Structure formats: structure tokens, C-alpha cells
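Source file: model.tsv. Holds: TSV, C-alpha atoms.
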```
chain	number	residue	atom	x	y	z
A	52	MET	CA	31.18	4.04	-75.74
A	53	ARG	CA	30.41	4.47	-72.03
A	54	GLU	CA	30.06	1.46	-69.77
A	55	SER	CA	26.48	2.40	-68.83
A	56	GLU	CA	25.56	2.58	-72.50
A	57	ILE	CA	27.09	-0.83	-73.19
A	58	LYS	CA	25.12	-2.34	-70.31
A	59	SER	CA	21.90	-0.83	-71.65
A	60	ILE	CA	22.55	-2.21	-75.13
A	61	ILE	CA	23.33	-5.68	-73.78
A	62	GLU	CA	20.16	-5.57	-71.70
A	63	ALA	CA	18.12	-4.58	-74.76
A	64	LEU	CA	19.66	-7.42	-76.79
A	65	LEU	CA	18.84	-9.93	-74.06
A	66	PHE	CA	15.29	-8.66	-73.90
A	67	ALA	CA	14.76	-8.83	-77.68
A	68	SER	CA	16.68	-11.99	-78.58
A	69	PRO	CA	14.57	-15.16	-79.02
A	70	GLU	CA	17.73	-17.23	-78.50
A	71	PRO	CA	20.50	-17.10	-75.87
A	72	LEU	CA	22.92	-14.23	-76.52
A	73	THR	CA	26.49	-15.45	-77.06
A	74	GLN	CA	29.81	-13.65	-77.11
A	75	ALA	CA	30.07	-14.38	-80.83
A	76	LYS	CA	26.75	-12.63	-81.48
A	77	ALA	CA	27.83	-9.67	-79.35
A	78	ASN	CA	31.08	-9.46	-81.32
A	79	GLY	CA	29.06	-9.09	-84.52
A	80	ILE	CA	27.00	-6.24	-83.04
A	81	PHE	CA	29.65	-4.14	-81.35
A	82	SER	CA	32.35	-2.62	-83.54
A	83	PRO	CA	35.28	-2.33	-83.52
A	84	THR	CA	35.70	-3.44	-79.88
A	85	SER	CA	33.26	-5.85	-78.29
A	86	PRO	CA	32.69	-5.86	-74.50
A	87	ASN	CA	33.32	-8.91	-72.35
A	88	LEU	CA	29.79	-10.33	-72.27
A	89	LYS	CA	30.33	-12.44	-69.15
A	90	LYS	CA	31.58	-9.40	-67.21
A	91	VAL	CA	28.64	-7.24	-68.30
A	92	ILE	CA	26.19	-10.02	-67.39
A	93	GLU	CA	27.69	-10.32	-63.90
A	94	GLU	CA	27.34	-6.55	-63.40
A	95	LEU	CA	23.73	-6.57	-64.60
A	96	ASN	CA	22.83	-9.49	-62.33
A	97	SER	CA	24.40	-7.70	-59.36
A	98	GLN	CA	22.30	-4.67	-60.21
A	99	TYR	CA	19.13	-6.76	-60.46
A	100	ILE	CA	19.80	-8.30	-57.05
A	101	SER	CA	20.46	-4.96	-55.37
A	102	GLU	CA	17.30	-3.49	-56.91
A	103	ASN	CA	15.25	-6.61	-56.08
A	104	HIS	CA	14.07	-7.27	-59.66
A	105	SER	CA	11.84	-10.23	-60.51
A	106	PHE	CA	14.20	-11.40	-63.28
A	107	GLU	CA	17.81	-12.41	-63.79
A	108	ILE	CA	20.22	-13.46	-66.54
A	109	ARG	CA	21.11	-17.14	-66.76
A	110	HIS	CA	23.73	-19.09	-68.67
A	111	VAL	CA	21.66	-21.22	-71.05
A	112	ALA	CA	22.68	-23.35	-74.06
A	113	GLY	CA	26.08	-21.70	-74.36
A	114	GLY	CA	24.75	-18.14	-74.15
A	115	TYR	CA	22.83	-15.83	-71.84
A	116	GLN	CA	19.09	-15.37	-71.48
A	117	LEU	CA	16.93	-12.96	-69.51
A	118	VAL	CA	14.47	-15.01	-67.45
A	119	SER	CA	12.04	-14.52	-64.60
A	120	LYS	CA	12.94	-15.91	-61.19
A	121	ASP	CA	11.63	-19.36	-60.29
A	122	ILE	CA	9.38	-18.02	-57.55
A	123	TYR	CA	7.16	-16.38	-60.17
A	124	GLU	CA	6.78	-19.49	-62.31
A	125	PRO	CA	3.24	-20.42	-61.09
A	126	TYR	CA	1.87	-17.02	-62.13
A	127	ILE	CA	3.64	-17.03	-65.49
A	128	ARG	CA	2.53	-20.60	-66.17
A	129	LYS	CA	-1.10	-19.52	-65.73
A	130	MET	CA	-0.61	-16.67	-68.17
A	131	LEU	CA	1.08	-18.90	-70.76
A	132	SER	CA	-1.27	-21.85	-70.39
A	133	LYS	CA	-3.00	-20.95	-73.66
A	134	SER	CA	0.02	-19.55	-75.48
A	135	GLY	CA	2.04	-21.04	-78.31
A	136	ARG	CA	4.84	-22.16	-76.00
A	137	ILE	CA	6.14	-25.68	-76.61
A	138	SER	CA	4.14	-28.22	-74.65
A	139	LEU	CA	5.11	-31.87	-74.31
A	140	SER	CA	2.97	-34.91	-73.56
A	141	SER	CA	4.01	-37.51	-70.98
A	142	ALA	CA	4.99	-39.85	-73.85
A	143	SER	CA	7.20	-37.14	-75.34
A	144	MET	CA	8.80	-36.49	-71.96
A	145	ASP	CA	9.48	-40.21	-71.50
A	146	CYS	CA	11.11	-40.45	-74.90
A	147	LEU	CA	13.02	-37.20	-74.50
A	148	SER	CA	14.45	-38.19	-71.12
A	149	ILE	CA	15.80	-41.43	-72.60
A	150	ILE	CA	17.42	-39.57	-75.50
A	151	ALA	CA	18.90	-36.95	-73.16
A	152	TYR	CA	20.66	-39.55	-71.02
A	153	LYS	CA	21.63	-42.07	-73.73
A	154	GLN	CA	22.29	-39.96	-76.84
A	155	PRO	CA	23.01	-40.67	-79.56
A	156	ILE	CA	20.45	-43.47	-79.50
A	157	SER	CA	18.35	-45.32	-82.08
A	158	ARG	CA	14.58	-45.68	-82.16
A	159	TYR	CA	14.90	-49.42	-81.48
A	160	GLU	CA	16.88	-48.79	-78.29
A	161	ILE	CA	14.31	-46.22	-77.17
A	162	GLU	CA	11.47	-48.65	-77.80
A	163	ALA	CA	13.32	-51.41	-75.93
A	164	ILE	CA	13.34	-49.13	-72.87
A	165	ARG	CA	9.80	-47.74	-73.25
A	166	GLY	CA	8.21	-50.98	-74.42
A	167	VAL	CA	6.03	-49.22	-77.00
A	168	ASP	CA	6.33	-47.90	-80.55
A	169	SER	CA	7.98	-44.48	-80.48
A	170	SER	CA	8.00	-43.43	-84.13
A	171	GLY	CA	5.16	-40.92	-83.69
A	172	VAL	CA	6.72	-39.36	-80.59
A	173	LEU	CA	10.09	-39.04	-82.32
A	174	LYS	CA	8.44	-37.30	-85.26
A	175	THR	CA	6.79	-34.83	-82.89
A	176	LEU	CA	10.08	-34.06	-81.12
A	177	LEU	CA	11.82	-33.62	-84.48
A	178	ASN	CA	9.11	-31.21	-85.67
A	179	LYS	CA	9.53	-29.16	-82.49
A	180	ASN	CA	13.31	-29.12	-83.09
A	181	ILE	CA	13.94	-30.50	-79.60
A	182	ILE	CA	15.87	-33.44	-81.04
A	183	LYS	CA	17.73	-33.97	-84.29
A	184	ILE	CA	19.20	-36.83	-86.32
A	185	LYS	CA	22.86	-37.31	-85.40
A	186	GLY	CA	23.74	-39.87	-88.05
A	187	ARG	CA	23.44	-43.64	-88.44
A	188	GLY	CA	24.61	-46.57	-86.37
A	189	THR	CA	26.67	-49.35	-87.90
A	190	GLY	CA	24.38	-52.13	-86.70
A	191	PRO	CA	21.84	-54.05	-88.80
A	192	GLY	CA	19.94	-51.67	-91.06
A	193	ARG	CA	22.13	-48.75	-89.94
A	194	PRO	CA	19.34	-47.17	-87.82
A	195	LEU	CA	19.05	-43.41	-87.44
A	196	LEU	CA	20.50	-42.01	-84.23
A	197	TYR	CA	18.89	-39.17	-82.30
A	198	GLN	CA	20.27	-36.51	-79.97
A	199	THR	CA	18.97	-33.37	-78.27
A	200	THR	CA	19.40	-29.84	-79.65
A	201	ASN	CA	20.00	-26.40	-78.15
A	202	VAL	CA	16.22	-25.95	-78.11
A	203	PHE	CA	16.17	-28.77	-75.54
A	204	LEU	CA	18.68	-26.89	-73.39
A	205	GLU	CA	16.67	-23.67	-73.71
A	206	TYR	CA	13.38	-25.42	-72.91
A	207	PHE	CA	14.75	-26.82	-69.65
A	208	GLY	CA	16.88	-23.77	-68.86
A	209	ILE	CA	20.24	-25.54	-68.67
A	210	ASN	CA	23.60	-24.64	-70.18
A	211	ARG	CA	24.95	-28.11	-70.99
A	212	LEU	CA	23.88	-31.75	-70.79
A	213	SER	CA	26.13	-32.32	-67.78
A	214	ASP	CA	23.77	-30.01	-65.86
A	215	LEU	CA	21.05	-32.67	-66.02
A	216	PRO	CA	20.39	-34.37	-62.68
A	217	LYS	CA	22.01	-37.78	-62.22
A	218	LEU	CA	19.71	-40.81	-62.32
A	219	LYS	CA	20.54	-41.49	-58.68
A	220	GLU	CA	19.30	-38.02	-57.76
A	221	ILE	CA	16.09	-38.58	-59.71
A	222	THR	CA	15.50	-41.88	-57.92
A	223	GLU	CA	15.95	-40.24	-54.54
A	224	LEU	CA	13.47	-37.51	-55.47
A	225	MET	CA	10.91	-40.09	-56.59
A	226	ASP	CA	11.26	-42.30	-53.50
A	227	SER	CA	8.63	-40.22	-51.73
A	228	ASP	CA	6.05	-41.20	-54.38
A	229	PRO	CA	5.66	-45.03	-54.57
A	230	SER	CA	3.54	-44.75	-57.71
A	231	LEU	CA	6.59	-43.61	-59.65
A	232	GLY	CA	8.93	-46.30	-58.37
A	233	GLU	CA	8.06	-48.81	-61.08
A	234	GLN	CA	8.59	-46.27	-63.86
A	235	ILE	CA	12.02	-45.33	-62.51
A	236	ALA	CA	13.01	-49.00	-62.17
A	237	VAL	CA	11.99	-49.76	-65.75
A	238	PHE	CA	13.87	-46.69	-67.00
A	239	GLU	CA	17.07	-47.61	-65.13
A	240	ASP	CA	16.87	-51.28	-66.18
A	241	GLY	CA	16.43	-50.19	-69.78
A	242	LEU	CA	19.45	-47.92	-69.59
A	243	ALA	CA	21.53	-50.70	-68.07
A	244	ASP	CA	20.51	-53.11	-70.84
A	245	SER	CA	21.27	-50.50	-73.46
A	246	GLU	CA	24.70	-49.81	-71.92
A	247	THR	CA	25.48	-53.53	-72.11
A	248	LYS	CA	24.56	-53.52	-75.80
A	249	ASP	CA	26.68	-50.42	-76.39
A	250	SER	CA	29.75	-52.14	-74.97
A	251	GLN	CA	29.25	-55.00	-77.42
A	252	SER	CA	28.33	-52.95	-80.49
A	253	PRO	CA	30.62	-51.39	-83.16
A	254	GLU	CA	31.39	-47.69	-83.23
A	255	ILE	CA	28.89	-45.13	-84.47
A	256	THR	CA	29.43	-43.33	-87.74
A	257	ALA	CA	27.77	-40.17	-89.00
A	258	GLY	CA	26.13	-40.08	-92.38
```

Can you turn what I pasted into C-alpha cells?
Amino acid sequence: MRESEIKSIIEALLFASPEPLTQAKANGIFSPTSPNLKKVIEELNSQYISENHSFEIRHVAGGYQLVSKDIYEPYIRKMLSKSGRISLSSASMDCLSIIAYKQPISRYEIEAIRGVDSSGVLKTLLNKNIIKIKGRGTGPGRPLLYQTTNVFLEYFGINRLSDLPKLKEITELMDSDPSLGEQIAVFEDGLADSETKDSQSPEITAG
């Protein structure tokens, strides 16, 4: 198979796939010899840059996804404002940010940080498949523990959790808006309290 044909097939797969395309998926499509997906992606991205396309291929959730460039986001957001794309309330975002930085974490720990009941928000996030149940803690009542899923990574366009901004970076970004200072302080205090509890609590077990 010619290199140009392989690139065209990979491009078509990226365009059609609802999930990030991985090397494992490519291996199952190409037979008997599968191309090096990373190498093909790099060549395609170089082509897109030279031809000044409005899209690019990004490394997302362990695979590759064809996405529009950030500069076009305002226009796309207007078009998708009434679509079926996942939308999250401020309460969901609050809860999700806590889970992202402290996972696996129980509902009680989340509520200790947020200061409000979070059972409804957790149910919404579970239904959207943005979080999942990791297992149970070994504390009183063996509470369910929650963690983010690959859908979370796809939604925010990141490849791994380590790509999330550090809390210090978030604080610096929010310093310019005094109205957000209290929220950040509460969030950081809650995380600190939770970390103290973690150091005193028994290990987590799945089940």
C-alpha cells in the first residue's frame, strides 16, 4: 500500500471516528502490516500547517483526534449552542474539578469541600459517563469512590490527567478577578483538609 494511500485512510478514520484513534485500533484495521500511527499523524499535521488548514490532529485520551484550531472556537461554539454536545452546569464543573484533582474520592469528601449535597451532581456526571465508580474506600460504610473517565479527557481535549493545570497556575489566572478569589481559597483549603485525611486513612480497595 502506498504511503499517500495510508495517509488518506488514516485521515478518513480520524474524520469518522467518534473516539480518539489509537495504534491498537489502527492495527486492527490495517492488515497484515500496520503503519506507525504517530509518524503518519506528524506528517499529516505538517501538511495541514503548510496548507494553512483550520484543523489539526491532537493527542487526546491516549489516541489521536481531528479537531479545529482554537482560534475558530467562538464560531463553532455558536453553531453548537443548540446541539446535543455535553453541557455542564457550574455545580457539575465544581464537582468535576474536585474529582479530577483528588481522584479517587468519595462523595463525603467532595461534599466537605463544596459544602453542599452532591449526590444529584454525581448522578448527572455518571450518566454522562464523565466519571465512573472506581471501587470502595475502607473507611466507615465503605463509601463509593469516583474517578474521571476517558470521556473527561476527550471533553477537555487533554491526553492525560497530568496535563491538567496545577492549582498554583489556576490561582494565578484567577488573581485578576477578585470575585473568584474566595472560591479558589475554599477549593484549596478543602483539598488540603482532604489530603490530611488521606494521610491518616487506610488504603483504598476496589470492589

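Note that the spacing between atom CA of A:Lys120 and atom CA of A:Ala67 amounts to 18.0 Å.
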
Residues within 10 Å of A:Ile150, please, as a PyMOL selection string. Count all atoms listed in the file; anything in the same chain fewer than 3 positions from it doesn't count. chain A and resi 144-147+153-158+160-161+182+196-199

Using only C-alpha atoms, find the one residue out of A:Ile164, A:Leu195, A:Glu70, A:Val202 that sits nearest to A:Asn178. A:Val202

Applying 7 Å and only C-alpha atoms, which residues near stretch 84-89 of chain A remain after dropping the ones on its own chain fewer than 6 positions away? List them as a list in words.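 The residues that qualify are Gln74, Ala77 and Asn78 of chain A.
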
Given the choices A:Leu64, A:Ala75, A:Ala151, A:Leu95, which gets closest to A:Ser213 if the distance is worked out from only C-alpha atoms?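 Closest candidate: A:Ala151.
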
Close residues, A:Arg109 itself excluded, 12 Å, only C-alpha atoms, min 4 positions apart in chain, as number ranges by chain: A: 65, 71-73, 89, 92-93, 95-96, 113-121, 205, 207-210

Point-to-point distance in Å for atom CA of A:Phe203 and atom CA of A:Ser148: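 Distance between the two atoms: 10.5 Å.
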
Could you extract stretch 113-207 of chain A of the given structure into a file holding C-alpha atoms, as a JSON list (two decimals), in the first residue's frame?
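Generated output (decode-v7.json):
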```
[["chain", "number", "residue", "atom", "x", "y", "z"],
["A", 113, "GLY", "CA", -4.32, 8.09, 24.63],
["A", 114, "GLY", "CA", -5.20, 8.40, 20.94],
["A", 115, "TYR", "CA", -5.47, 10.96, 18.16],
["A", 116, "GLN", "CA", -8.39, 13.19, 17.23],
["A", 117, "LEU", "CA", -9.04, 15.58, 14.37],
["A", 118, "VAL", "CA", -10.04, 18.94, 15.85],
["A", 119, "SER", "CA", -10.49, 22.53, 14.75],
["A", 120, "LYS", "CA", -7.91, 25.10, 15.82],
["A", 121, "ASP", "CA", -8.63, 27.11, 18.96],
["A", 122, "ILE", "CA", -8.96, 30.37, 17.05],
["A", 123, "TYR", "CA", -12.20, 29.12, 15.48],
["A", 124, "GLU", "CA", -13.79, 28.06, 18.77],
["A", 125, "PRO", "CA", -16.11, 31.12, 19.13],
["A", 126, "TYR", "CA", -17.72, 30.43, 15.75],
["A", 127, "ILE", "CA", -18.08, 26.71, 16.37],
["A", 128, "ARG", "CA", -19.49, 27.32, 19.84],
["A", 129, "LYS", "CA", -22.25, 29.46, 18.30],
["A", 130, "MET", "CA", -23.09, 26.71, 15.84],
["A", 131, "LEU", "CA", -23.16, 24.02, 18.54],
["A", 132, "SER", "CA", -25.02, 26.07, 21.14],
["A", 133, "LYS", "CA", -28.22, 24.15, 20.44],
["A", 134, "SER", "CA", -26.65, 20.79, 19.63],
["A", 135, "GLY", "CA", -26.57, 17.61, 21.67],
["A", 136, "ARG", "CA", -23.00, 18.20, 22.82],
["A", 137, "ILE", "CA", -22.35, 17.58, 26.51],
["A", 138, "SER", "CA", -23.03, 20.69, 28.56],
["A", 139, "LEU", "CA", -22.14, 21.05, 32.23],
["A", 140, "SER", "CA", -23.62, 23.32, 34.89],
["A", 141, "SER", "CA", -21.42, 25.31, 37.26],
["A", 142, "ALA", "CA", -22.25, 22.80, 40.02],
["A", 143, "SER", "CA", -21.13, 19.94, 37.78],
["A", 144, "MET", "CA", -17.92, 21.77, 36.93],
["A", 145, "ASP", "CA", -17.22, 22.40, 40.62],
["A", 146, "CYS", "CA", -17.73, 18.75, 41.45],
["A", 147, "LEU", "CA", -15.80, 17.53, 38.42],
["A", 148, "SER", "CA", -12.79, 19.71, 39.16],
["A", 149, "ILE", "CA", -12.57, 18.29, 42.68],
["A", 150, "ILE", "CA", -12.75, 14.72, 41.38],
["A", 151, "ALA", "CA", -10.15, 15.44, 38.69],
["A", 152, "TYR", "CA", -7.59, 16.69, 41.20],
["A", 153, "LYS", "CA", -8.34, 14.34, 44.12],
["A", 154, "GLN", "CA", -9.43, 11.06, 42.50],
["A", 155, "PRO", "CA", -10.33, 8.54, 43.60],
["A", 156, "ILE", "CA", -12.52, 10.42, 46.06],
["A", 157, "SER", "CA", -15.76, 9.71, 47.95],
["A", 158, "ARG", "CA", -18.96, 11.73, 47.88],
["A", 159, "TYR", "CA", -18.44, 12.73, 51.52],
["A", 160, "GLU", "CA", -15.02, 14.21, 50.75],
["A", 161, "ILE", "CA", -16.47, 16.09, 47.78],
["A", 162, "GLU", "CA", -19.27, 17.49, 49.92],
["A", 163, "ALA", "CA", -16.78, 18.51, 52.63],
["A", 164, "ILE", "CA", -15.02, 20.66, 50.02],
["A", 165, "ARG", "CA", -18.14, 22.01, 48.29],
["A", 166, "GLY", "CA", -20.21, 22.43, 51.44],
["A", 167, "VAL", "CA", -23.40, 21.16, 49.76],
["A", 168, "ASP", "CA", -25.04, 17.85, 48.91],
["A", 169, "SER", "CA", -23.52, 16.47, 45.72],
["A", 170, "SER", "CA", -25.47, 13.26, 45.14],
["A", 171, "GLY", "CA", -27.52, 14.73, 42.27],
["A", 172, "VAL", "CA", -24.48, 16.21, 40.55],
["A", 173, "LEU", "CA", -22.60, 12.92, 40.83],
["A", 174, "LYS", "CA", -25.53, 11.08, 39.28],
["A", 175, "THR", "CA", -25.54, 13.53, 36.36],
["A", 176, "LEU", "CA", -21.79, 13.10, 35.78],
["A", 177, "LEU", "CA", -22.16, 9.31, 35.94],
["A", 178, "ASN", "CA", -25.00, 9.39, 33.40],
["A", 179, "LYS", "CA", -22.85, 11.46, 31.04],
["A", 180, "ASN", "CA", -20.01, 8.93, 31.51],
["A", 181, "ILE", "CA", -17.62, 11.71, 32.53],
["A", 182, "ILE", "CA", -16.89, 9.96, 35.82],
["A", 183, "LYS", "CA", -17.13, 6.36, 36.95],
["A", 184, "ILE", "CA", -17.10, 4.36, 40.18],
["A", 185, "LYS", "CA", -13.55, 3.24, 40.97],
["A", 186, "GLY", "CA", -14.35, 1.00, 43.92],
["A", 187, "ARG", "CA", -14.93, 1.44, 47.65],
["A", 188, "GLY", "CA", -12.91, 3.01, 50.42],
["A", 189, "THR", "CA", -12.11, 1.09, 53.59],
["A", 190, "GLY", "CA", -13.46, 3.77, 55.92],
["A", 191, "PRO", "CA", -16.80, 3.71, 57.77],
["A", 192, "GLY", "CA", -19.55, 2.47, 55.47],
["A", 193, "ARG", "CA", -17.01, 1.74, 52.71],
["A", 194, "PRO", "CA", -18.13, 4.74, 50.58],
["A", 195, "LEU", "CA", -18.05, 4.59, 46.79],
["A", 196, "LEU", "CA", -15.03, 6.24, 45.19],
["A", 197, "TYR", "CA", -15.23, 8.24, 41.97],
["A", 198, "GLN", "CA", -12.72, 8.99, 39.23],
["A", 199, "THR", "CA", -12.78, 10.58, 35.78],
["A", 200, "THR", "CA", -13.06, 8.63, 32.51],
["A", 201, "ASN", "CA", -11.63, 8.98, 29.01],
["A", 202, "VAL", "CA", -14.76, 10.97, 28.13],
["A", 203, "PHE", "CA", -13.48, 13.58, 30.59],
["A", 204, "LEU", "CA", -10.14, 13.72, 28.77],
["A", 205, "GLU", "CA", -11.89, 14.00, 25.40],
["A", 206, "TYR", "CA", -14.26, 16.71, 26.65],
["A", 207, "PHE", "CA", -11.37, 18.91, 27.80]]
```
